[in-house]
Structures are given as structure tokens and as C-alpha cells.
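Have a look at the structure below before the remarks.
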Amino acid sequence: MQKRFVTIWFRYLKTDWLCRRHPELLHLPLVLTAQDHGRMIITAVNPPAQLQGIGVGMVLADARVIVPSLKYFYDIPGLPQKLLRSIAKWCMRFSPIAAIDEPDGIIIDATGCTHLWSGEASYVNSIVKRLKQFGYNVNSAIADTAGKAWAIAHFGNRETIIHNEGELNTFISLPVAALRLEVESIARLNKLGLRQIQDILSMPRSVLRRRFGNHLLMRLDQAMGRQEEVIQPVQPIEPYCERLTCLEPIVTATGIEIALKKLLEVLCERLKHEGKGIRKLSFKGYRVDGNIQAIDIGTNRASSNAHHLFKLFEIKISSIEPALGIELFTLEAFKVEDLDSTQEKFWDKACGLANPELVKLLDRVSNKIGVDSIHRFLPAEHHWPERSVKIAASLNENATTQWRTDLQRPIYLLQNPEPIWATALIPDYPPMLFRYQNKLHKVKKADGPERIEREWWIDEGQHRDYYAVEDEEGKRYWLFRSGHYSENYQWFIHGYFA
Amino acid sequence: MLAQKADIILQLQKEILQLQGFRNKASDDFIRPVLGSIDSSFPNGIFPLATIHEFLTQSSEDIAATSGFVSCLLSSLMSKGGVSVWIGSSQEIFPVALKFFNVEPDKIIFINTKKQKELLWLIEETLKCEGLAAVVGEVKEISFTASRRLQLAVEQSRVTGFLIRNYSRNINTNACTARWKISPDPSIITGDAPGIGFPAWNVELLKIRNGKPGTWQMQWANNKLHANAPIILSPAEQRKTG
């Protein structure tokens, strides 16, 4: 299939964006400025300001002499990239491959897309019309290479659609700057009297290479279609992605559910065929007003069960705001893993951690209240109580060491030890009595001390001497003294024994 | 004649129990807890599974004792490699200590959420999950309707639920089969040995459907529950439940 590319050139990207945010500025002369060597230099101008002779690179003070009513704003660094990225994402409704063309353009690979808009003319027109509605001044062109489209968008005379016959003539009569060259090369070409592309097209390649380097030849070849130009889409194409365009914008939850079910069925069918299962999935709705509504789910084990995946999404559907309606749905699998069917059968019987029902339950829980609310603990080789357990990374992770049972540990451990007041008869003896939450406990039986040192390679501080004590009512506590008895010390309660 | 009648009544009672959903045989995957002298209070003399047991606590010490007792129950339920889920508002159970009660700490999945509403949703969803050995849920209050929902869930899935009601102010009627209160007891030491003995509890069975409530002093030692000097309640102290 013949390749077709659309380039869009945003002539006044930054000022258009500003006017979009402040519509009252639309017809006023407006500039963006940035500090440079103690002066304010103009970095962007809008059409009314340009008409009055203000250009990029002027000092702000000079410009204000020309137009006293000039409005000026500070330039935001990195703004064009951010804007282009979001516009390119928006453009993905026209083609899945949309790329940023620094500093002020977008390239769309429209191969095989235009017939959906019944022809190239209406395809390009609809893009331009929508962008103009947003308030952007754009020039665009469609051609068989990105280079040609770029040249025509920037230097062509308002002609947007270039067909095979006409395009070469139009292209070769453009200035050499249309080849996307460096400023020095353009200046040198102009100095030599080579002003149009047709002037250099007939020159021997070796001469051009010797005088202007490989870059000029590469750009020329790219524009002429002799060399493939690689464009970097804003969103890398996901191999597992399904799209569903809607005839009418969808506004109801039922409509969204139907769309989701349809997409899931297609995707799961394909995954089953390839023996794969989903770990991370994103469901997106492209709204009429340009906003993108997305819900994501993750699973604990690869799954290609459409019903289960739908259940996971179901909890979140209510968070989608359709507003005026959603015109396009996409379902994208970010993480896909191999599905082992023999294991799947084995799991059906299992009642342990591999229980499929349990996995489904945990999927539902993690999607509703967050994956960090679920913990499974494994022993860690630390004596310090807070570090003696670690959180297992997955359901399959096994303990590498044994759980210790030689030392007494309380079943109820306070998350933070709380200070108490305690007295001991003899240093390093268990406390005789202690007061906690305004209640005095007389210790009847005690065990200890068990000294636990801090691990100096992790943190610094005082060691702890732990005592297990039982009061006169038979309640058992885990107390510790932080530090030596002779120095600064403090008693704490850290837990309750069963 | 009288003995014959008693036999018939016993037979009829057993049939009624079966109709009410009490099963003598548990699933092959789980081993029913054996609680020694307490067992005689249960219908048919066996620990009721696939129902909801409620535990009342009023202090942190009670919570620790109750968690210990529940872990004893889990130890037999999970002894064949089963998995339990422990749901609470914050992580206060120290997994290392579970090993003392013969429970594999890495076979328990802890789920924590601060929101009371989500807690009940979580407990219900988890109880619906077939193949779990048990579900432990820590909630403060539960309405009659909510407890009915939980009971209906376990009747389908045959999972046993333990509800630990921490600092509950309003002890209302609900659909739970049993209501327990576990509080710590002074540990028993033989002779004048130093230190603290095995975990000891005062186990009160306040309510049990089709059974007899009672109070026992129990001790956990050598991976088994031991009774020390059971107290038999007078019939006047027994309360009718249902």
C-alpha cells in the first residue's frame, strides 16, 4: 500500500494555546518573553503582533515602543513539547501512529486511514477543522513521504493535498529550507545561488556530499522516498490493542459496558488463540471534548477469561465520566504473559495459594481498594522485630528461611512502640510495675531480658532489652527498655501476648 | 420406655440439625478443630464449620488472647495446606507469632482497609470464595442484616468465618452461630520455675445455636489445646439461644 503522511504545522503554537486559555486576548497583540542576559527577549508572537512588525528575537522593550499596548507573558520552558504530546495523543483518533515533529509540528502516518473519512481531502479537512475549532492556526499537507508533506505544509501555497502527478512539481519548486536542513547549510546553499530544491536535485550526489555532508543527502532521499524515514509515535503501538469506534457518542454506563464486553471478547479470543493471558489492561474512552477517560486493571496471574476481566472492570466503570459522550473506545494490554493451560487445569483442584478462586478474589480486591492493602508475609533474616518479616512480592514467592519459634514473640504487635512508665528493682531486671494508659500493672511473672541490637548498617540508635511480663490479672505484655539502665533510657510497650 | 423416648428424641434432633445445615463430615481439605471439653457444648459434639463465629473483645489484651485462640482454630483448619484470609483495619497481627500456634504465617493473606464499609464488603466477598480454610474479619459493629448476608455467603461456599468484634459497643442479635469471649488468664507454672508459662485463656461460649454455652479455662501447649479444671455452668446460668 502506498504510504501517506500528514504533517501539521502549528505556526503560533504557544500564543494560540495562551489565547485558548484566555479568550479575551484573541485579537490583541501578544508576545511571550524569556530572560536572556538581563533582557527580556521575545520568544513567540501572535498574528496581530506580527502584523505590527514584532518578531521573535526582539527585545521586549523595543517591541513595547512599537506597540505600547503589547501584552506579554513569560514563556514556560518545555511547554511546546507538552502541548504537542497531548495534541499528538488527541490525533490518535485519526491514525494510531502520530508523532511529534519538534519544535512545532505533528506527523501522522495516514496510510490506510483516509478512506474511513471518504477521501484524503475530507480527512485532512476534518483534522484541520477540529484543530481550528480549538483555536490553533495550522498548516497541513498530505503526501507520500513525511519530508514532502513537511515541506509543503511549511512552504507550500495553501495547497494541502498533493497527488502523485502534481506533487513532484510543487515540491521541487520549493526553497531549499523546506528540506529540514540546518541553518548553516541553508545559508551556504543560498550563497551559492541554490535557492530551490530543483537546483540541487540535478547535481551529482558526490558533489553534494563533499560540500554539504551526508545530512543534506539523507533529507533529500527521505523527501523523495528513496530512504525510509523512521517516525517515533507518541504512543508505542501495543501489539494487543483493540479499538471500537461508535456511530453516536456513548453517554450511558450500559453503553460503556457493552463496548467493554465487545472489546474484551475480541481481545481474549485472540489471546486464547496465542496461548497468552493478560496481567495489565487499560480501557480508554476518547471523549467528544478531547478528554481521555481511562480505567486500568491488573491481575495477579495471567488471565484470558473475558468474564473475569469484565468483573474487574465493572467496579470501576462508574468512575468514567462520559460528559457529552465517548466516540472511541480502546482496550490495550500493557503486560501479557504466557498462559500455561496444563497448570490451569491443575489449579482448578488446588486449595492452596494457587486456588483460582482466591486469585480472582485478590484481583477484585486489589482493583477496588488498592494492591498495597494486600499483604502476605515471609520471614526475613533480621532480629529487629519490625524487620523480621518482609512482604512477599507475589503469591508464588516462597520463604527462603524458616520461621523462628525459639524466641517468644507477641501475636499483637503495636505498629509503633508506645512509651510507658516503669520501675525495676535492680538494673537489667524485669520491671516490678509499669503504668500504661493510666493503669498500673503489677508484674507477677516475667521473662527476659532479650537484648536486640540495631543493625548498624541499617540505622543507628539504642539497643532494646525486651521483657515478656505477666501482670496480676494474667495479661501478658511485651515491654522493652531502650538503652542501658545507667544512661538515657525509656521504657516502651511493644505488644501483647496471647 | 423412657429410654426409648430419649433415643427417638435424640434421633429427631440429629435430623433437625442436618436439615438446618449442620454436617457431620467436613470437606476433605480441612481438619475440624478438636477443643477437648468444649466440644460437648456443640451440636452433635463437633465444632461447627461453614458458619460464622463471633468473638467479643473489649481491650487490646482481649484482642491478643482472641487472636491466639482463633490461631489455634486455624492451625487445624489449615493443617492440610489450606489458605486463610485475615481482614482488619490495620496490620496488628505479628506473623512471626502465628508460628507458635502451629499456623504457617505465609499461608495467611492479610488485607487491611481503614473504611468500615469496605471491610464488610471485603469480608463478604472473601467468604464467598470457595476453597479457603477460614476467613478472619475484624469489625467493630455489624448489623443483623449484614450478619445474615455473611451467613448466606458461607452456606454457599462452606467457608468458616471468624468475626472479631473489637470494642463493640452494641452487642446486638445477629445471625452468627456462636458468640465467644476469650480473655487472658494467668499462665500456669509448675513448681517455682521462673518466667511465663503457656498461653492460658478464659474461654466463654456465650451463645451457641443448638448447643450449651459454658466457660472453660484452656491452655495452648505442644500444639494442642489443654483444659484445666472446667467449670460447669448451672442450668440457671445457661441462656437460651437460637
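Just so we're on the same page: first chain in the C-alpha cells is A, next is B, and so on; residues restart at 1 for each chain, and ligands are numbered from 1 in the order they show up.
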
Give me the chain A side of the contact with chain B, cut-off 6 Å, one line per residue showing its nearest atom pair and distance in Å at one decimal, counting only C-alpha atoms, sorted by chain and residue number, as CSV.
residue,atom,partner,partner_atom,distance
A:Cys351,CA,B:Gly131,CA,5.2
A:Gly352,CA,B:Gly82,CA,5.0
A:Glu357,CA,B:Cys129,CA,6.0
A:Ser373,CA,B:Asn112,CA,5.2
A:Ile374,CA,B:Ile111,CA,4.5
A:His375,CA,B:Phe110,CA,5.0
A:Arg376,CA,B:Ile109,CA,4.9
A:Phe377,CA,B:Asp106,CA,5.4
A:Leu378,CA,B:Asp106,CA,5.7
A:Arg409,CA,B:Ala97,CA,5.3
A:Pro410,CA,B:Ala97,CA,5.8
A:Ile411,CA,B:Ala97,CA,5.0
A:Tyr412,CA,B:Ile93,CA,4.9
A:Leu413,CA,B:Glu92,CA,5.4
A:Lys445,CA,B:Gly195,CA,5.8
A:Ala446,CA,B:Gly195,CA,4.9
A:Asp447,CA,B:Gly195,CA,4.6
A:Gly474,CA,B:Pro186,CA,3.6
A:Lys475,CA,B:Pro184,CA,5.6
A:Tyr496,CA,B:Ala64,CA,5.9
A:Ala498,CA,B:Ala65,CA,4.1

Those residues you just picked out, can you put them in a file as a PDB file, in the first residue's frame with N, CA and C atoms?
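Result file is result16.pdb:
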ATOM      1  N   CYS A 351      -6.318 -26.133  46.542  1.00  0.00           N
ATOM      2  CA  CYS A 351      -6.999 -25.320  47.533  1.00  0.00           C
ATOM      3  C   CYS A 351      -6.022 -24.369  48.206  1.00  0.00           C
ATOM      4  N   GLY A 352      -4.755 -24.406  47.831  1.00  0.00           N
ATOM      5  CA  GLY A 352      -3.755 -23.551  48.483  1.00  0.00           C
ATOM      6  C   GLY A 352      -3.720 -22.168  47.859  1.00  0.00           C
ATOM      7  N   GLU A 357      -9.947 -19.403  42.508  1.00  0.00           N
ATOM      8  CA  GLU A 357     -10.953 -18.536  43.125  1.00  0.00           C
ATOM      9  C   GLU A 357     -10.283 -17.455  43.965  1.00  0.00           C
ATOM     10  N   SER A 373      -3.024  -2.893  49.834  1.00  0.00           N
ATOM     11  CA  SER A 373      -3.743  -3.279  51.047  1.00  0.00           C
ATOM     12  C   SER A 373      -3.645  -4.785  51.290  1.00  0.00           C
ATOM     13  N   ILE A 374      -3.099  -5.512  50.331  1.00  0.00           N
ATOM     14  CA  ILE A 374      -2.989  -6.961  50.467  1.00  0.00           C
ATOM     15  C   ILE A 374      -1.546  -7.326  50.797  1.00  0.00           C
ATOM     16  N   HIS A 375      -1.366  -8.102  51.853  1.00  0.00           N
ATOM     17  CA  HIS A 375      -0.012  -8.493  52.230  1.00  0.00           C
ATOM     18  C   HIS A 375       0.040  -9.977  52.519  1.00  0.00           C
ATOM     19  N   ARG A 376       1.178 -10.530  52.169  1.00  0.00           N
ATOM     20  CA  ARG A 376       1.494 -11.869  52.642  1.00  0.00           C
ATOM     21  C   ARG A 376       2.908 -11.753  53.163  1.00  0.00           C
ATOM     22  N   PHE A 377       3.179 -12.356  54.303  1.00  0.00           N
ATOM     23  CA  PHE A 377       4.468 -12.120  54.940  1.00  0.00           C
ATOM     24  C   PHE A 377       5.355 -13.353  54.861  1.00  0.00           C
ATOM     25  N   LEU A 378       6.635 -13.069  54.697  1.00  0.00           N
ATOM     26  CA  LEU A 378       7.645 -14.122  54.676  1.00  0.00           C
ATOM     27  C   LEU A 378       8.695 -13.779  55.729  1.00  0.00           C
ATOM     28  N   ARG A 409       7.444 -14.304  70.810  1.00  0.00           N
ATOM     29  CA  ARG A 409       7.006 -13.108  70.100  1.00  0.00           C
ATOM     30  C   ARG A 409       5.509 -12.909  70.345  1.00  0.00           C
ATOM     31  N   PRO A 410       5.072 -11.659  70.519  1.00  0.00           N
ATOM     32  CA  PRO A 410       3.650 -11.434  70.795  1.00  0.00           C
ATOM     33  C   PRO A 410       2.819 -11.515  69.515  1.00  0.00           C
ATOM     34  N   ILE A 411       1.566 -11.939  69.676  1.00  0.00           N
ATOM     35  CA  ILE A 411       0.722 -12.071  68.482  1.00  0.00           C
ATOM     36  C   ILE A 411       0.196 -10.708  68.046  1.00  0.00           C
ATOM     37  N   TYR A 412       0.072  -9.793  68.982  1.00  0.00           N
ATOM     38  CA  TYR A 412      -0.450  -8.455  68.697  1.00  0.00           C
ATOM     39  C   TYR A 412       0.707  -7.487  68.879  1.00  0.00           C
ATOM     40  N   LEU A 413       1.185  -6.957  67.766  1.00  0.00           N
ATOM     41  CA  LEU A 413       2.342  -6.071  67.824  1.00  0.00           C
ATOM     42  C   LEU A 413       1.896  -4.656  67.489  1.00  0.00           C
ATOM     43  N   LYS A 445       4.891 -12.280  86.831  1.00  0.00           N
ATOM     44  CA  LYS A 445       5.849 -13.212  86.226  1.00  0.00           C
ATOM     45  C   LYS A 445       6.546 -12.482  85.082  1.00  0.00           C
ATOM     46  N   ALA A 446       7.777 -12.849  84.841  1.00  0.00           N
ATOM     47  CA  ALA A 446       8.494 -12.155  83.758  1.00  0.00           C
ATOM     48  C   ALA A 446       9.564 -13.048  83.162  1.00  0.00           C
ATOM     49  N   ASP A 447       9.899 -12.742  81.937  1.00  0.00           N
ATOM     50  CA  ASP A 447      10.973 -13.408  81.201  1.00  0.00           C
ATOM     51  C   ASP A 447      11.873 -12.333  80.623  1.00  0.00           C
ATOM     52  N   GLY A 474      -3.171 -11.626  84.862  1.00  0.00           N
ATOM     53  CA  GLY A 474      -2.865 -12.667  83.887  1.00  0.00           C
ATOM     54  C   GLY A 474      -2.691 -12.137  82.482  1.00  0.00           C
ATOM     55  N   LYS A 475      -2.653 -10.799  82.324  1.00  0.00           N
ATOM     56  CA  LYS A 475      -2.452 -10.235  80.989  1.00  0.00           C
ATOM     57  C   LYS A 475      -0.957 -10.172  80.701  1.00  0.00           C
ATOM     58  N   TYR A 496       1.286  -7.370  72.757  1.00  0.00           N
ATOM     59  CA  TYR A 496       0.507  -8.168  73.710  1.00  0.00           C
ATOM     60  C   TYR A 496       0.644  -9.626  73.323  1.00  0.00           C
ATOM     61  N   ALA A 498      -0.633 -13.542  73.482  1.00  0.00           N
ATOM     62  CA  ALA A 498      -1.954 -14.168  73.507  1.00  0.00           C
ATOM     63  C   ALA A 498      -2.229 -14.693  74.917  1.00  0.00           C
TER      64      ALA A 498
END

With DSSP run on the backbone, what are the strand (DSSP E or B) residues within stretch 59-220 of chain B? I'd like them as a ChimeraX atom specification. /B:84-88,93,108-112,134-139,160-166,178-184,200-208,214-220

Atoms to include: N, CA and C atoms. Write the selected residues as a compact mmCIF listing (two decimals), in the first residue's frame.
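The result, written out as again22.txt:
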# COMPACT_ATOMS: atom_id res chain seq x y z
N SER B 84 -5.79 -19.07 54.54
CA SER B 84 -6.79 -18.24 55.21
C SER B 84 -6.57 -16.78 54.84
N VAL B 85 -7.61 -16.00 55.01
CA VAL B 85 -7.51 -14.57 54.79
C VAL B 85 -7.85 -13.87 56.09
N TRP B 86 -7.04 -12.91 56.48
CA TRP B 86 -7.24 -12.18 57.73
C TRP B 86 -7.48 -10.73 57.36
N ILE B 87 -8.68 -10.24 57.63
CA ILE B 87 -9.06 -8.89 57.20
C ILE B 87 -9.18 -8.00 58.43
N GLY B 88 -8.53 -6.87 58.40
CA GLY B 88 -8.61 -5.96 59.53
C GLY B 88 -8.40 -4.54 59.10
N ILE B 93 -1.50 -7.97 63.68
CA ILE B 93 -1.07 -9.34 63.95
C ILE B 93 0.39 -9.48 63.52
N ILE B 108 -1.22 -17.19 55.20
CA ILE B 108 -2.30 -16.28 55.54
C ILE B 108 -2.12 -15.00 54.73
N ILE B 109 -3.20 -14.57 54.11
CA ILE B 109 -3.16 -13.33 53.35
C ILE B 109 -3.84 -12.26 54.19
N PHE B 110 -3.12 -11.19 54.44
CA PHE B 110 -3.69 -10.12 55.25
C PHE B 110 -4.20 -9.02 54.33
N ILE B 111 -5.41 -8.57 54.58
CA ILE B 111 -5.95 -7.45 53.80
C ILE B 111 -6.37 -6.37 54.79
N ASN B 112 -5.88 -5.18 54.60
CA ASN B 112 -6.20 -4.10 55.53
C ASN B 112 -6.86 -2.95 54.81
N ALA B 134 -10.35 -20.64 56.12
CA ALA B 134 -11.13 -19.79 57.03
C ALA B 134 -10.90 -18.34 56.68
N VAL B 135 -11.81 -17.50 57.14
CA VAL B 135 -11.67 -16.06 56.97
C VAL B 135 -11.82 -15.42 58.35
N VAL B 136 -10.86 -14.59 58.71
CA VAL B 136 -10.94 -13.88 59.98
C VAL B 136 -11.20 -12.41 59.65
N GLY B 137 -12.24 -11.85 60.23
CA GLY B 137 -12.54 -10.45 59.95
C GLY B 137 -12.63 -9.67 61.24
N GLU B 138 -11.95 -8.54 61.29
CA GLU B 138 -12.03 -7.69 62.48
C GLU B 138 -12.94 -6.52 62.14
N VAL B 139 -14.09 -6.46 62.78
CA VAL B 139 -15.01 -5.34 62.55
C VAL B 139 -15.50 -4.85 63.90
N THR B 160 -15.46 -21.24 56.71
CA THR B 160 -15.73 -20.88 58.10
C THR B 160 -15.27 -19.45 58.34
N GLY B 161 -16.12 -18.67 58.98
CA GLY B 161 -15.77 -17.28 59.24
C GLY B 161 -15.62 -17.01 60.72
N PHE B 162 -14.60 -16.24 61.08
CA PHE B 162 -14.42 -15.81 62.46
C PHE B 162 -14.48 -14.29 62.48
N LEU B 163 -15.47 -13.75 63.15
CA LEU B 163 -15.60 -12.29 63.23
C LEU B 163 -15.08 -11.84 64.58
N ILE B 164 -14.06 -11.02 64.57
CA ILE B 164 -13.57 -10.49 65.85
C ILE B 164 -14.12 -9.08 65.98
N ARG B 165 -14.98 -8.88 66.97
CA ARG B 165 -15.61 -7.56 67.10
C ARG B 165 -14.89 -6.79 68.18
N ASN B 166 -14.03 -5.89 67.70
CA ASN B 166 -13.19 -5.12 68.62
C ASN B 166 -13.95 -3.95 69.21
N ALA B 178 -22.18 -18.85 66.77
CA ALA B 178 -21.61 -18.90 68.11
C ALA B 178 -21.06 -17.53 68.49
N ARG B 179 -21.16 -17.23 69.78
CA ARG B 179 -20.56 -15.99 70.28
C ARG B 179 -19.61 -16.35 71.40
N TRP B 180 -18.36 -15.93 71.23
CA TRP B 180 -17.31 -16.29 72.18
C TRP B 180 -16.78 -15.04 72.86
N LYS B 181 -16.20 -15.25 74.01
CA LYS B 181 -15.39 -14.18 74.63
C LYS B 181 -14.15 -14.84 75.21
N ILE B 182 -13.02 -14.42 74.72
CA ILE B 182 -11.76 -15.00 75.17
C ILE B 182 -11.01 -13.92 75.93
N SER B 183 -10.61 -14.20 77.15
CA SER B 183 -9.79 -13.22 77.87
C SER B 183 -8.58 -13.94 78.46
N PRO B 184 -7.49 -13.18 78.64
CA PRO B 184 -6.29 -13.86 79.14
C PRO B 184 -6.45 -14.30 80.59
N ALA B 200 -2.62 -18.98 78.36
CA ALA B 200 -3.80 -19.53 79.04
C ALA B 200 -4.94 -18.55 78.86
N TRP B 201 -6.13 -19.07 78.64
CA TRP B 201 -7.27 -18.20 78.39
C TRP B 201 -8.48 -18.64 79.19
N ASN B 202 -9.34 -17.68 79.44
CA ASN B 202 -10.65 -17.96 79.95
C ASN B 202 -11.59 -17.93 78.74
N VAL B 203 -12.08 -19.09 78.34
CA VAL B 203 -12.89 -19.19 77.13
C VAL B 203 -14.35 -19.22 77.53
N GLU B 204 -15.11 -18.22 77.09
CA GLU B 204 -16.53 -18.20 77.39
C GLU B 204 -17.29 -18.39 76.09
N LEU B 205 -18.13 -19.36 76.06
CA LEU B 205 -19.02 -19.55 74.92
C LEU B 205 -20.37 -18.97 75.35
N LEU B 206 -20.63 -17.75 74.93
CA LEU B 206 -21.82 -17.04 75.42
C LEU B 206 -23.09 -17.53 74.76
N LYS B 207 -22.98 -17.84 73.47
CA LYS B 207 -24.16 -18.27 72.74
C LYS B 207 -23.72 -19.34 71.76
N ILE B 208 -24.52 -20.37 71.62
CA ILE B 208 -24.26 -21.33 70.57
C ILE B 208 -25.59 -21.91 70.13
N GLY B 214 -21.03 -22.23 77.91
CA GLY B 214 -20.25 -22.61 79.08
C GLY B 214 -18.99 -21.79 79.20
N THR B 215 -18.23 -22.05 80.24
CA THR B 215 -16.97 -21.35 80.46
C THR B 215 -15.89 -22.39 80.76
N TRP B 216 -14.73 -22.18 80.17
CA TRP B 216 -13.63 -23.13 80.35
C TRP B 216 -12.33 -22.36 80.53
N GLN B 217 -11.40 -22.98 81.23
CA GLN B 217 -10.04 -22.45 81.26
C GLN B 217 -9.20 -23.34 80.34
N MET B 218 -8.61 -22.71 79.33
CA MET B 218 -7.85 -23.51 78.37
C MET B 218 -6.42 -23.02 78.30
N GLN B 219 -5.58 -23.90 77.81
CA GLN B 219 -4.17 -23.61 77.72
C GLN B 219 -3.65 -24.15 76.39
N TRP B 220 -2.78 -23.43 75.74
CA TRP B 220 -2.22 -23.89 74.47
C TRP B 220 -0.80 -24.36 74.73

A:Gly290: which residues within 10 Å, counting only C-alpha atoms, same-chain residues fewer than 4 positions away excluded, as a VMD selection string? chain A and resid 86 to 87 89 to 91 93 134 286 326 to 327

Shell around A:Tyr467 at 7 Å using only C-alpha atoms, local window under 4 positions removed, as a PDB file with C-alpha atoms, in the first residue's frame:
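Contents of the output file part38.pdb:
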ATOM      1  CA  PRO A 430      12.314  -7.075  84.569  1.00  0.00           C
ATOM      2  CA  ALA A 446       8.494 -12.155  83.758  1.00  0.00           C
ATOM      3  CA  ASP A 447      10.973 -13.408  81.201  1.00  0.00           C
ATOM      4  CA  GLY A 448      13.991 -11.599  79.923  1.00  0.00           C
ATOM      5  CA  PRO A 449      15.930  -9.632  79.097  1.00  0.00           C
ATOM      6  CA  GLU A 450      16.363 -10.457  75.433  1.00  0.00           C
ATOM      7  CA  TRP A 478       5.999  -7.344  75.642  1.00  0.00           C
ATOM      8  CA  LEU A 479       7.981  -4.447  77.084  1.00  0.00           C
ATOM      9  CA  PHE A 480      11.401  -3.128  76.302  1.00  0.00           C
TER      10      PHE A 480
END

Provide the atom CA of A:Ala302 to atom CA of B:Leu127 distance in Å, to one decimal place. 23.6 Å

A:Ala323: which residues within 12 Å, counting only C-alpha atoms, same-chain residues fewer than 5 positions away excluded, as a list in words?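 Here the qualifying residues turn out to be Pro249, Ile250, Val251, Thr252, Ala253, Gly285, Tyr286, Arg287, Val288, Asp289, Gly290, Asn291, Ile292 and Gln293 of chain A.
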
Those residues with N, CA and C atoms, as a CSV table (one decimal), in the first residue's frame please?
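What landed in again.csv:
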chain,number,residue,atom,x,y,z
A,249,PRO,N,-22.0,9.2,20.0
A,249,PRO,CA,-21.3,9.3,21.2
A,249,PRO,C,-22.0,8.5,22.3
A,250,ILE,N,-21.3,7.8,23.1
A,250,ILE,CA,-21.9,7.0,24.2
A,250,ILE,C,-21.9,7.8,25.5
A,251,VAL,N,-23.0,7.8,26.1
A,251,VAL,CA,-23.1,8.5,27.4
A,251,VAL,C,-23.5,7.7,28.6
A,252,THR,N,-24.0,6.5,28.3
A,252,THR,CA,-24.6,5.7,29.5
A,252,THR,C,-23.6,4.6,29.9
A,253,ALA,N,-23.8,4.2,31.2
A,253,ALA,CA,-23.0,3.1,31.7
A,253,ALA,C,-23.2,1.8,31.0
A,285,GLY,N,-11.6,5.7,27.0
A,285,GLY,CA,-12.7,6.2,26.3
A,285,GLY,C,-12.3,7.6,25.8
A,286,TYR,N,-12.3,7.9,24.5
A,286,TYR,CA,-12.0,9.2,24.0
A,286,TYR,C,-13.2,10.0,23.9
A,287,ARG,N,-13.3,11.1,24.6
A,287,ARG,CA,-14.5,11.9,24.7
A,287,ARG,C,-14.6,12.9,23.6
A,288,VAL,N,-15.8,13.4,23.3
A,288,VAL,CA,-16.0,14.3,22.2
A,288,VAL,C,-15.2,15.6,22.5
A,289,ASP,N,-15.1,16.0,23.7
A,289,ASP,CA,-14.4,17.3,24.0
A,289,ASP,C,-12.9,17.1,24.1
A,290,GLY,N,-12.4,16.0,23.7
A,290,GLY,CA,-10.9,15.8,23.7
A,290,GLY,C,-10.3,15.2,24.9
A,291,ASN,N,-11.1,15.0,25.9
A,291,ASN,CA,-10.6,14.4,27.2
A,291,ASN,C,-10.5,12.9,27.0
A,292,ILE,N,-9.6,12.3,27.7
A,292,ILE,CA,-9.5,10.8,27.6
A,292,ILE,C,-9.8,10.2,29.0
A,293,GLN,N,-10.8,9.4,29.1
A,293,GLN,CA,-11.1,8.7,30.3
A,293,GLN,C,-10.5,7.3,30.3

Using the chain letters and numbers from this document, which residues of stretch 39-104 of chain A does DSSP assign to alpha helix (DSSP H), as an MDAnalysis selection string? chainID A and resid 47:51 60:66 79:90

For A:Leu267: contacts at 9 Å, only C-alpha atoms, fewer than 5 positions along chain excluded, given as a PyMOL selection string: chain A and resi 240-242+262+272+304+306+331-333
